[in-house]
Amino acid sequence: MTPLYAQDHDYSKYNVLAVDDIPLNLLLVQKMLSRFNFTIRTAANGQQALDAVAQQKPDLILLDLMMPGIDGFEVLRRLRENPETADIRIVILSALNSNDDVVKGYNMGANDFIMKPIIMEKLLTSIVTQMQIVAGK
């Protein structure tokens, strides 16, 4: 069975914004996704994420929840309330893993919730699934 994220598929047309206040986490995500040629931008906090979205709307956001200043829940809320950004696919990547946090994320409009530590296959499967939804629009 061929995995959803076949290595020979060109994902370079997909713009992914990774948001995390821990540089090592951003580097890890970049390394994982660069193998598949995704176009990747990063933001180190919630305000940078909102600014990056305003500059260029991504196809998908990988969003950490625990960040200083504007946290991931607030970023998610603002993006979902804005008609210009409400349709962006958002996958939460977080060490917060209580049922309440997961349910809150989905209720606020997250398209998927992946708990840290990140398992590459799960992350890639989630991203490719979200990109298939984007492509089907």
# chains A, B, ... in the order shown; residues from 1 in each chain; ligands from 1
call {"tool": "residues_around", "arguments": {"residues": "A:Asp20", "least_positions_apart": "4", "cutoff": "8 Å", "atoms": "only C-alpha atoms", "output": "list in words"}}
result
Asn25, Leu26, Thr42, Ala43, Ala44, Asn45, Leu63, Asp64 and Met67 of chain A
call {"tool": "select_by_dssp", "arguments": {"residues": "stretch 56-122 of chain A", "states": "alpha helix (DSSP H)", "output": "number ranges by chain"}}
result
A: 72-81, 99-107, 120-122
call {"tool": "atom_distance", "arguments": {"atom1": "atom CA of A:Ser98", "atom2": "atom CA of A:Ala52"}}
result
28.9 Å
call {"tool": "select_by_dssp", "arguments": {"residues": "chain A", "states": "strand (DSSP E)", "output": "list in words"}}
result
Asn15, Val16, Leu17, Ala18, Val19, Thr39, Ile40, Arg41, Thr42, Ala43, Leu60, Ile61, Leu62, Leu63, Arg89, Ile90, Val91, Ile92, Leu93, Ser94, Asp112, Phe113, Ile114 and Met115 of chain A
call {"tool": "write_last_selection", "arguments": {"atoms": "C-alpha atoms", "output": "tab-separated table (two decimals), in the first residue's frame"}}
result
chain	number	residue	atom	x	y	z
A	15	ASN	CA	2.53	26.83	1.54
A	16	VAL	CA	2.83	25.73	5.18
A	17	LEU	CA	3.30	28.11	8.11
A	18	ALA	CA	4.81	26.46	11.21
A	19	VAL	CA	4.27	28.39	14.46
A	39	THR	CA	7.12	25.52	0.92
A	40	ILE	CA	7.67	26.29	4.61
A	41	ARG	CA	7.62	29.56	6.52
A	42	THR	CA	7.99	29.88	10.27
A	43	ALA	CA	6.79	32.16	13.03
A	60	LEU	CA	-1.96	25.17	6.15
A	61	ILE	CA	-0.82	26.30	9.59
A	62	LEU	CA	0.94	24.02	12.08
A	63	LEU	CA	0.12	25.78	15.34
A	89	ARG	CA	-6.48	24.48	7.35
A	90	ILE	CA	-5.04	24.46	10.89
A	91	VAL	CA	-3.32	21.53	12.57
A	92	ILE	CA	-2.48	22.01	16.23
A	93	LEU	CA	0.87	20.59	17.36
A	94	SER	CA	0.98	20.76	21.12
A	112	ASP	CA	-6.56	18.24	13.41
A	113	PHE	CA	-4.72	17.97	16.74
A	114	ILE	CA	-1.35	16.22	17.01
A	115	MET	CA	0.27	15.78	20.39
call {"tool": "closest_residue", "arguments": {"among": "A:Leu27, A:Ala95, A:Ile118, A:Thr129", "to": "A:Gly72", "atoms": "only C-alpha atoms"}}
result
A:Ala95
